[in-house]
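Below is one structure, written out as structure tokens; the observations come after it.
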Amino acid sequence: SQDCKDGLESYNKITINDAAYFGARRKYRDYSILGLLPLSELYERRNQLLLLLTIGYVVLFSFIFWAISALVEHKVIKGIKSICASLNKITAGDLYARADVHSSPEFIQLSRGINSTVAALREAINEAGRRYENELKLAAAIQSSALPRAGALMPHPDGIDLYATMTAAREVGGDFYDFFWVDDNHLAFLIADVSEKGIPAALFMMSAKTWIKSLVKSRLEPAAVFTEANRMLSFDNDTGMFVTVFFGMLELDSGKLICINAGHNPPLLRRAAGNYEFLRLEPDFILGTLPDVEYRQAELTLKAGDRLFLYTDGVTEAINSRDEEFGNKRLLAALEQFSADQPEELAKHIY
């Protein structure tokens with residue numbers, strides 16, 4: 001027990017008949033007033049109060065958590081999902097997709113930043129595309145100027161009609177042709193196809209064309225020309241590109257034609273008053289891969305009225321709407337259908 005003011009004495013625990021009580025006693029004159037409360041009732045009320053407080057706090061915090069979650073979902077999660085959806089479209093290539101989230105000042109600023117960045121990227125790509133297109137047009141013009149025109153061959157060879165044309169699959173390509181005088185009595189001509197497309201093929205084409213023409217002009221035999229040209233093109237050829245070539249050198253006074261087929265499509269020859277047939281020369285290897293190949297040349301004689309048609313696989317491998325190739329048979333039939341003698345009209349007819 002503990003003495004208190006006004007004679008009040010309190011008792012933390014009193015045991016009566018094995019029952020625990022909390023009690024207090026106060027003296028009043030000759031009497032003592034004693035108040036007792038069973039501890040079991042005291043703790044029961046305390047436990048009930050704690051349970052009520054716990055349930056209240058759980059309900060309160062659950063409501064607060066739900067409110068915060070709803071607010072985050074509305075203000076943040078939906079905004080993030082919308083931003084991510086816009087970014088997915090942009091990264092997939094749609095540079096006209098916009099981020100448009102206004103749920104908060106932060107998302108408004110983020111949306112504006114994304115949209116301005118994409119707009120700047122789109123403009124940079126368009127500018128690069130315009131520069132690339134201009135460069136391709138310039139490259140196409142340079143390539144076109146490097147290919148000779150039939151009317152520019154001076155002096156014009158007597159008794160020979162000559163025409164050549166090229167239409168690139170892209171702005172520039174790897175197909176090319178050439179014809180030029182070796183001397184007053186020998187006319188050289190060739191047609192070729194580089195393995196790739198685009199600017200790299202055009203550069204390789206220019207290199208091949210230059211080597212072959214310069215070596216022919218040096219008066220080497222055609223077989224020696226191709227052996228040396230192949231060696232030079234194979235040197236440091238890290239790109240792995242190669243070129244197929246059909247070459248001919250015509251001796252005008254005799255009609256003798258020296259030919260080399262370096263892996264190219266066989267030309268078609270029509271004898272006077274005859275039909276077109278594929279010129280079956282034994283093909284040599286392509287140029288630009290194996291530097292030690294020794295090339296061989298073949299000979300035949302052209303006479304008045306004979307017609308020789310050279311082409312690349314861009315003709316025979318052309319695809320129609322049914323995914324069918326034009327092929328050798330159609331090419332042969334198309335040539336047989338044309339009876340006029342002008343080679344320019346024949347080229348238009350085949351095209």
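Labels for the structure tokens follow display order: chains A, B, ..., residues from 1 in each chain, ligands from 1.
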In region 217-292 of chain A, DSSP helix (DSSP H, G or I) residues written as an mmCIF file with N, CA and C atoms, in the first residue's frame:
```cif
data_model
loop_
_atom_site.group_PDB
_atom_site.id
_atom_site.type_symbol
_atom_site.label_atom_id
_atom_site.label_comp_id
_atom_site.auth_asym_id
_atom_site.auth_seq_id
_atom_site.Cartn_x
_atom_site.Cartn_y
_atom_site.Cartn_z
ATOM 1 N N LYS A 217 43.370 -1.054 -123.087
ATOM 2 C CA LYS A 217 44.045 0.013 -123.833
ATOM 3 C C LYS A 217 45.559 -0.196 -123.896
ATOM 4 N N PRO A 222 43.207 -10.193 -124.369
ATOM 5 C CA PRO A 222 42.064 -10.189 -123.449
ATOM 6 C C PRO A 222 42.219 -11.146 -122.262
ATOM 7 N N ALA A 223 42.775 -12.337 -122.497
ATOM 8 C CA ALA A 223 42.960 -13.264 -121.381
ATOM 9 C C ALA A 223 43.896 -12.679 -120.333
ATOM 10 N N ALA A 224 44.977 -12.037 -120.784
ATOM 11 C CA ALA A 224 45.912 -11.407 -119.848
ATOM 12 C C ALA A 224 45.267 -10.215 -119.142
ATOM 13 N N VAL A 225 44.402 -9.496 -119.866
ATOM 14 C CA VAL A 225 43.682 -8.369 -119.254
ATOM 15 C C VAL A 225 42.874 -8.837 -118.060
ATOM 16 N N PHE A 226 42.122 -9.915 -118.236
ATOM 17 C CA PHE A 226 41.244 -10.376 -117.160
ATOM 18 C C PHE A 226 42.035 -11.026 -116.027
ATOM 19 N N THR A 227 43.133 -11.689 -116.358
ATOM 20 C CA THR A 227 43.969 -12.261 -115.308
ATOM 21 C C THR A 227 44.520 -11.161 -114.397
ATOM 22 N N GLU A 228 44.986 -10.071 -115.006
ATOM 23 C CA GLU A 228 45.535 -8.965 -114.213
ATOM 24 C C GLU A 228 44.436 -8.181 -113.500
ATOM 25 N N ALA A 229 43.302 -7.931 -114.174
ATOM 26 C CA ALA A 229 42.200 -7.202 -113.547
ATOM 27 C C ALA A 229 41.663 -7.967 -112.339
ATOM 28 N N ASN A 230 41.554 -9.285 -112.466
ATOM 29 C CA ASN A 230 41.090 -10.092 -111.343
ATOM 30 C C ASN A 230 42.062 -10.008 -110.174
ATOM 31 N N ARG A 231 43.365 -10.026 -110.479
ATOM 32 C CA ARG A 231 44.358 -9.945 -109.406
ATOM 33 C C ARG A 231 44.252 -8.610 -108.669
ATOM 34 N N MET A 232 44.061 -7.531 -109.400
ATOM 35 C CA MET A 232 43.971 -6.211 -108.775
ATOM 36 C C MET A 232 42.667 -6.053 -107.988
ATOM 37 N N LEU A 233 41.575 -6.570 -108.513
ATOM 38 C CA LEU A 233 40.297 -6.454 -107.805
ATOM 39 C C LEU A 233 40.249 -7.352 -106.570
ATOM 40 N N SER A 234 40.993 -8.452 -106.589
ATOM 41 C CA SER A 234 41.018 -9.357 -105.434
ATOM 42 C C SER A 234 41.886 -8.826 -104.310
#
```
Using only C-alpha atoms, what does the table of region 152-225 of chain A residues within 12 Å of region 278-295 of chain A look like, with each row giving the shortest atom pair and its distance in Å to one decimal, sorted by chain and ascending number, as JSON lines?
```
{"residue": "A:Ala192", "atom": "CA", "partner": "A:Leu287", "partner_atom": "CA", "distance": 10.2}
{"residue": "A:Asp193", "atom": "CA", "partner": "A:Ile286", "partner_atom": "CA", "distance": 10.1}
{"residue": "A:Val194", "atom": "CA", "partner": "A:Leu287", "partner_atom": "CA", "distance": 9.4}
{"residue": "A:Ser195", "atom": "CA", "partner": "A:Ile286", "partner_atom": "CA", "distance": 10.0}
{"residue": "A:Phe204", "atom": "CA", "partner": "A:Gly288", "partner_atom": "CA", "distance": 9.7}
{"residue": "A:Met205", "atom": "CA", "partner": "A:Gly288", "partner_atom": "CA", "distance": 11.1}
{"residue": "A:Ser207", "atom": "CA", "partner": "A:Gly288", "partner_atom": "CA", "distance": 10.8}
{"residue": "A:Ala208", "atom": "CA", "partner": "A:Leu287", "partner_atom": "CA", "distance": 8.7}
{"residue": "A:Lys209", "atom": "CA", "partner": "A:Leu287", "partner_atom": "CA", "distance": 11.6}
{"residue": "A:Trp211", "atom": "CA", "partner": "A:Leu287", "partner_atom": "CA", "distance": 11.4}
{"residue": "A:Ile212", "atom": "CA", "partner": "A:Leu287", "partner_atom": "CA", "distance": 10.7}
{"residue": "A:Glu221", "atom": "CA", "partner": "A:Tyr295", "partner_atom": "CA", "distance": 10.6}
{"residue": "A:Pro222", "atom": "CA", "partner": "A:Tyr295", "partner_atom": "CA", "distance": 8.6}
{"residue": "A:Ala223", "atom": "CA", "partner": "A:Tyr295", "partner_atom": "CA", "distance": 5.2}
{"residue": "A:Ala224", "atom": "CA", "partner": "A:Tyr295", "partner_atom": "CA", "distance": 7.2}
{"residue": "A:Val225", "atom": "CA", "partner": "A:Tyr295", "partner_atom": "CA", "distance": 8.7}
```
Selected residues, N, CA and C atoms, written as a PDB file, in the first residue's frame, please.
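Output saved as again.pdb:
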```
ATOM      1  N   ALA A 192      28.634  -6.077-117.388  1.00  0.00           N
ATOM      2  CA  ALA A 192      29.065  -6.639-116.112  1.00  0.00           C
ATOM      3  C   ALA A 192      28.003  -6.417-115.048  1.00  0.00           C
ATOM      4  N   ASP A 193      28.125  -7.177-113.962  1.00  0.00           N
ATOM      5  CA  ASP A 193      27.165  -7.125-112.862  1.00  0.00           C
ATOM      6  C   ASP A 193      27.910  -7.366-111.556  1.00  0.00           C
ATOM      7  N   VAL A 194      27.917  -6.366-110.667  1.00  0.00           N
ATOM      8  CA  VAL A 194      28.534  -6.499-109.344  1.00  0.00           C
ATOM      9  C   VAL A 194      27.549  -7.207-108.411  1.00  0.00           C
ATOM     10  N   SER A 195      28.086  -7.960-107.459  1.00  0.00           N
ATOM     11  CA  SER A 195      27.267  -8.833-106.620  1.00  0.00           C
ATOM     12  C   SER A 195      26.311  -8.086-105.704  1.00  0.00           C
ATOM     13  N   PHE A 204      32.656  -0.298-106.472  1.00  0.00           N
ATOM     14  CA  PHE A 204      33.362  -1.477-106.973  1.00  0.00           C
ATOM     15  C   PHE A 204      33.237  -1.556-108.494  1.00  0.00           C
ATOM     16  N   MET A 205      32.069  -1.191-109.004  1.00  0.00           N
ATOM     17  CA  MET A 205      31.846  -1.178-110.449  1.00  0.00           C
ATOM     18  C   MET A 205      32.809  -0.213-111.139  1.00  0.00           C
ATOM     19  N   SER A 207      35.701   0.797-110.101  1.00  0.00           N
ATOM     20  CA  SER A 207      37.052   0.253-110.032  1.00  0.00           C
ATOM     21  C   SER A 207      37.255  -0.822-111.095  1.00  0.00           C
ATOM     22  N   ALA A 208      36.284  -1.738-111.223  1.00  0.00           N
ATOM     23  CA  ALA A 208      36.391  -2.813-112.212  1.00  0.00           C
ATOM     24  C   ALA A 208      36.419  -2.246-113.633  1.00  0.00           C
ATOM     25  N   LYS A 209      35.537  -1.299-113.894  1.00  0.00           N
ATOM     26  CA  LYS A 209      35.468  -0.692-115.232  1.00  0.00           C
ATOM     27  C   LYS A 209      36.802  -0.013-115.598  1.00  0.00           C
ATOM     28  N   TRP A 211      39.873  -0.604-114.319  1.00  0.00           N
ATOM     29  CA  TRP A 211      40.967  -1.565-114.506  1.00  0.00           C
ATOM     30  C   TRP A 211      40.872  -2.264-115.868  1.00  0.00           C
ATOM     31  N   ILE A 212      39.669  -2.733-116.202  1.00  0.00           N
ATOM     32  CA  ILE A 212      39.521  -3.475-117.455  1.00  0.00           C
ATOM     33  C   ILE A 212      39.836  -2.584-118.652  1.00  0.00           C
ATOM     34  N   GLU A 221      46.629  -9.021-124.413  1.00  0.00           N
ATOM     35  CA  GLU A 221      45.629  -9.972-124.884  1.00  0.00           C
ATOM     36  C   GLU A 221      44.459  -9.996-123.884  1.00  0.00           C
ATOM     37  N   PRO A 222      43.207 -10.193-124.369  1.00  0.00           N
ATOM     38  CA  PRO A 222      42.064 -10.189-123.449  1.00  0.00           C
ATOM     39  C   PRO A 222      42.219 -11.146-122.262  1.00  0.00           C
ATOM     40  N   ALA A 223      42.775 -12.337-122.497  1.00  0.00           N
ATOM     41  CA  ALA A 223      42.960 -13.264-121.381  1.00  0.00           C
ATOM     42  C   ALA A 223      43.896 -12.679-120.333  1.00  0.00           C
ATOM     43  N   ALA A 224      44.977 -12.037-120.784  1.00  0.00           N
ATOM     44  CA  ALA A 224      45.912 -11.407-119.848  1.00  0.00           C
ATOM     45  C   ALA A 224      45.267 -10.215-119.142  1.00  0.00           C
ATOM     46  N   VAL A 225      44.402  -9.496-119.866  1.00  0.00           N
ATOM     47  CA  VAL A 225      43.682  -8.369-119.254  1.00  0.00           C
ATOM     48  C   VAL A 225      42.874  -8.837-118.060  1.00  0.00           C
TER      49      VAL A 225
END
```
Exercise. Excluding region 69-83 of chain A and residues on its chain fewer than 2 positions from it, collect all residues at most 12 Å away from it, counting only C-alpha atoms, and give them as a PyMOL selection string.
Key: chain A and resi 61-67+85-90+97-115
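As for CA of Leu310 (chain A) and CA of Leu268 (chain A), they are spaced 6.8 Å apart.
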Query raised in the report: Could you pull the residues within 12 Å of His156 (chain A), counting only C-alpha atoms, minus those fewer than 6 positions along the same chain, as an MDAnalysis selection string?
Result: chainID A and resid 149:150 162:163 179:181 184:185 187 252
Near Thr316 (chain A), counting only C-alpha atoms, which residues have an atom at most 6 Å away, once you skip same-chain residues fewer than 4 positions from it, shown as a count of residues only? 3
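Using only C-alpha atoms, the protein and nucleic acid residues lying no more than 8 Å from region 245-247 of chain A, apart from those fewer than 6 places from it along its own chain, are A:Ala188, A:Phe189, A:Leu190, A:Ile191, A:Ala192, A:Asp193, A:Cys259, A:Ile260, A:Asn261, A:Ala262, A:Gly263, A:His264, A:Asn265, A:Pro266, A:Ile286, A:Leu287.
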Restricting the output to N, CA and C atoms, write the selected residues as a PDB file, in the first residue's frame.
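Result written to result.pdb:
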```pdb
ATOM      1  N   ALA A 188      36.212  -2.733-128.561  1.00  0.00           N
ATOM      2  CA  ALA A 188      36.000  -3.548-127.358  1.00  0.00           C
ATOM      3  C   ALA A 188      34.655  -3.185-126.736  1.00  0.00           C
ATOM      4  N   PHE A 189      33.990  -4.163-126.193  1.00  0.00           N
ATOM      5  CA  PHE A 189      32.722  -3.925-125.486  1.00  0.00           C
ATOM      6  C   PHE A 189      32.595  -4.953-124.366  1.00  0.00           C
ATOM      7  N   LEU A 190      31.833  -4.581-123.332  1.00  0.00           N
ATOM      8  CA  LEU A 190      31.637  -5.502-122.202  1.00  0.00           C
ATOM      9  C   LEU A 190      30.362  -5.133-121.468  1.00  0.00           C
ATOM     10  N   ILE A 191      29.856  -6.100-120.711  1.00  0.00           N
ATOM     11  CA  ILE A 191      28.714  -5.901-119.818  1.00  0.00           C
ATOM     12  C   ILE A 191      29.029  -6.647-118.528  1.00  0.00           C
ATOM     13  N   ALA A 192      28.634  -6.077-117.388  1.00  0.00           N
ATOM     14  CA  ALA A 192      29.065  -6.639-116.112  1.00  0.00           C
ATOM     15  C   ALA A 192      28.003  -6.417-115.048  1.00  0.00           C
ATOM     16  N   ASP A 193      28.125  -7.177-113.962  1.00  0.00           N
ATOM     17  CA  ASP A 193      27.165  -7.125-112.862  1.00  0.00           C
ATOM     18  C   ASP A 193      27.910  -7.366-111.556  1.00  0.00           C
ATOM     19  N   CYS A 259      36.269 -13.428-127.215  1.00  0.00           N
ATOM     20  CA  CYS A 259      35.312 -13.343-126.097  1.00  0.00           C
ATOM     21  C   CYS A 259      35.910 -13.931-124.827  1.00  0.00           C
ATOM     22  N   ILE A 260      35.479 -13.389-123.703  1.00  0.00           N
ATOM     23  CA  ILE A 260      35.744 -13.966-122.377  1.00  0.00           C
ATOM     24  C   ILE A 260      34.465 -13.835-121.569  1.00  0.00           C
ATOM     25  N   ASN A 261      34.055 -14.937-120.963  1.00  0.00           N
ATOM     26  CA  ASN A 261      32.880 -14.911-120.092  1.00  0.00           C
ATOM     27  C   ASN A 261      33.334 -15.234-118.672  1.00  0.00           C
ATOM     28  N   ALA A 262      33.423 -14.183-117.835  1.00  0.00           N
ATOM     29  CA  ALA A 262      33.843 -14.361-116.437  1.00  0.00           C
ATOM     30  C   ALA A 262      32.602 -14.514-115.563  1.00  0.00           C
ATOM     31  N   GLY A 263      31.964 -15.677-115.681  1.00  0.00           N
ATOM     32  CA  GLY A 263      30.822 -16.000-114.827  1.00  0.00           C
ATOM     33  C   GLY A 263      29.556 -15.236-115.126  1.00  0.00           C
ATOM     34  N   HIS A 264      29.418 -14.633-116.299  1.00  0.00           N
ATOM     35  CA  HIS A 264      28.265 -13.800-116.612  1.00  0.00           C
ATOM     36  C   HIS A 264      27.201 -14.608-117.365  1.00  0.00           C
ATOM     37  N   ASN A 265      25.988 -14.018-117.440  1.00  0.00           N
ATOM     38  CA  ASN A 265      24.925 -14.643-118.234  1.00  0.00           C
ATOM     39  C   ASN A 265      25.360 -14.751-119.691  1.00  0.00           C
ATOM     40  N   PRO A 266      25.136 -15.889-120.336  1.00  0.00           N
ATOM     41  CA  PRO A 266      25.569 -16.045-121.725  1.00  0.00           C
ATOM     42  C   PRO A 266      24.754 -15.148-122.655  1.00  0.00           C
ATOM     43  N   ILE A 286      34.435 -15.747-111.773  1.00  0.00           N
ATOM     44  CA  ILE A 286      34.097 -14.354-111.504  1.00  0.00           C
ATOM     45  C   ILE A 286      35.354 -13.559-111.126  1.00  0.00           C
ATOM     46  N   LEU A 287      35.275 -12.240-111.243  1.00  0.00           N
ATOM     47  CA  LEU A 287      36.403 -11.372-110.907  1.00  0.00           C
ATOM     48  C   LEU A 287      36.297 -10.879-109.460  1.00  0.00           C
TER      49      LEU A 287
END
```
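The space separating CA of Leu136 (chain A) from CA of Ile199 (chain A) comes to 8.0 Å.
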Self-check item: Those in region 6-243 of chain A with strand (DSSP E) from DSSP, as JSON, numbers by chain
Solution: {"A": [8, 9, 10, 11, 12, 13, 14, 15, 16, 19, 20, 21, 22, 23, 24, 25, 26, 27, 28, 31, 32, 33, 34, 35, 36, 37, 38, 175, 176, 177, 178, 179, 180, 181, 182, 183, 186, 187, 188, 189, 190, 191, 192, 193, 194, 243]}
Pull C-alpha atoms from the residues just selected and write them as a PDB file, in the first residue's frame.
```pdb
ATOM      1  CA  LEU A   8      -6.143   7.944   0.747  1.00  0.00           C
ATOM      2  CA  GLU A   9      -4.256   4.730   0.478  1.00  0.00           C
ATOM      3  CA  SER A  10      -4.207   2.866  -2.824  1.00  0.00           C
ATOM      4  CA  TYR A  11      -3.538  -0.768  -3.420  1.00  0.00           C
ATOM      5  CA  ASN A  12      -2.088  -2.148  -6.577  1.00  0.00           C
ATOM      6  CA  LYS A  13      -3.086  -5.676  -5.894  1.00  0.00           C
ATOM      7  CA  ILE A  14      -5.078  -7.284  -3.111  1.00  0.00           C
ATOM      8  CA  THR A  15      -5.695 -10.963  -2.943  1.00  0.00           C
ATOM      9  CA  ILE A  16      -8.841 -12.177  -1.189  1.00  0.00           C
ATOM     10  CA  ALA A  19      -9.011 -13.693  -6.186  1.00  0.00           C
ATOM     11  CA  ALA A  20      -6.979 -10.668  -7.257  1.00  0.00           C
ATOM     12  CA  TYR A  21      -8.455  -7.192  -6.768  1.00  0.00           C
ATOM     13  CA  PHE A  22      -7.403  -3.643  -7.303  1.00  0.00           C
ATOM     14  CA  GLY A  23      -8.496  -1.570  -4.397  1.00  0.00           C
ATOM     15  CA  ALA A  24      -8.336   1.742  -2.566  1.00  0.00           C
ATOM     16  CA  ARG A  25      -9.089   2.638   1.080  1.00  0.00           C
ATOM     17  CA  ARG A  26      -9.898   5.930   2.703  1.00  0.00           C
ATOM     18  CA  LYS A  27     -10.280   6.652   6.414  1.00  0.00           C
ATOM     19  CA  TYR A  28     -13.354   8.503   7.406  1.00  0.00           C
ATOM     20  CA  TYR A  31     -14.372   4.075   9.614  1.00  0.00           C
ATOM     21  CA  SER A  32     -12.384   2.871   6.636  1.00  0.00           C
ATOM     22  CA  ILE A  33     -14.053   2.967   3.220  1.00  0.00           C
ATOM     23  CA  LEU A  34     -12.666   0.285   0.930  1.00  0.00           C
ATOM     24  CA  GLY A  35     -13.282   0.058  -2.836  1.00  0.00           C
ATOM     25  CA  LEU A  36     -12.346  -3.113  -4.712  1.00  0.00           C
ATOM     26  CA  LEU A  37     -12.374  -3.952  -8.450  1.00  0.00           C
ATOM     27  CA  PRO A  38     -11.548  -7.443  -9.648  1.00  0.00           C
ATOM     28  CA  ASP A 175      25.513  -3.214-113.342  1.00  0.00           C
ATOM     29  CA  PHE A 176      27.551  -1.478-116.012  1.00  0.00           C
ATOM     30  CA  TYR A 177      28.579  -1.639-119.636  1.00  0.00           C
ATOM     31  CA  ASP A 178      31.310  -0.107-121.730  1.00  0.00           C
ATOM     32  CA  PHE A 179      32.476   0.087-125.338  1.00  0.00           C
ATOM     33  CA  PHE A 180      35.478   1.875-126.758  1.00  0.00           C
ATOM     34  CA  TRP A 181      38.064   1.814-129.533  1.00  0.00           C
ATOM     35  CA  VAL A 182      41.248  -0.117-128.851  1.00  0.00           C
ATOM     36  CA  ASP A 183      42.696   1.016-132.176  1.00  0.00           C
ATOM     37  CA  HIS A 186      39.407  -3.162-132.900  1.00  0.00           C
ATOM     38  CA  LEU A 187      36.266  -2.291-130.954  1.00  0.00           C
ATOM     39  CA  ALA A 188      36.000  -3.548-127.358  1.00  0.00           C
ATOM     40  CA  PHE A 189      32.722  -3.925-125.486  1.00  0.00           C
ATOM     41  CA  LEU A 190      31.637  -5.502-122.202  1.00  0.00           C
ATOM     42  CA  ILE A 191      28.714  -5.901-119.818  1.00  0.00           C
ATOM     43  CA  ALA A 192      29.065  -6.639-116.112  1.00  0.00           C
ATOM     44  CA  ASP A 193      27.165  -7.125-112.862  1.00  0.00           C
ATOM     45  CA  VAL A 194      28.534  -6.499-109.344  1.00  0.00           C
ATOM     46  CA  VAL A 243      31.768  -8.958-110.532  1.00  0.00           C
TER      47      VAL A 243
END
```
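Using only C-alpha atoms, the shortest contact distance between Met241 (chain A) and any of A:Asp313, A:Glu196, A:Asp30, A:Glu324 is found at A:Glu196.
Picture a line from CA of Leu300 (chain A) to CA of Leu257 (chain A); it runs 5.3 Å.
When only C-alpha atoms are used to measure the gap to Glu277 (chain A), the shortest distance among A:Leu332, A:Ala119, A:Leu39, A:Val216 belongs to A:Leu332.
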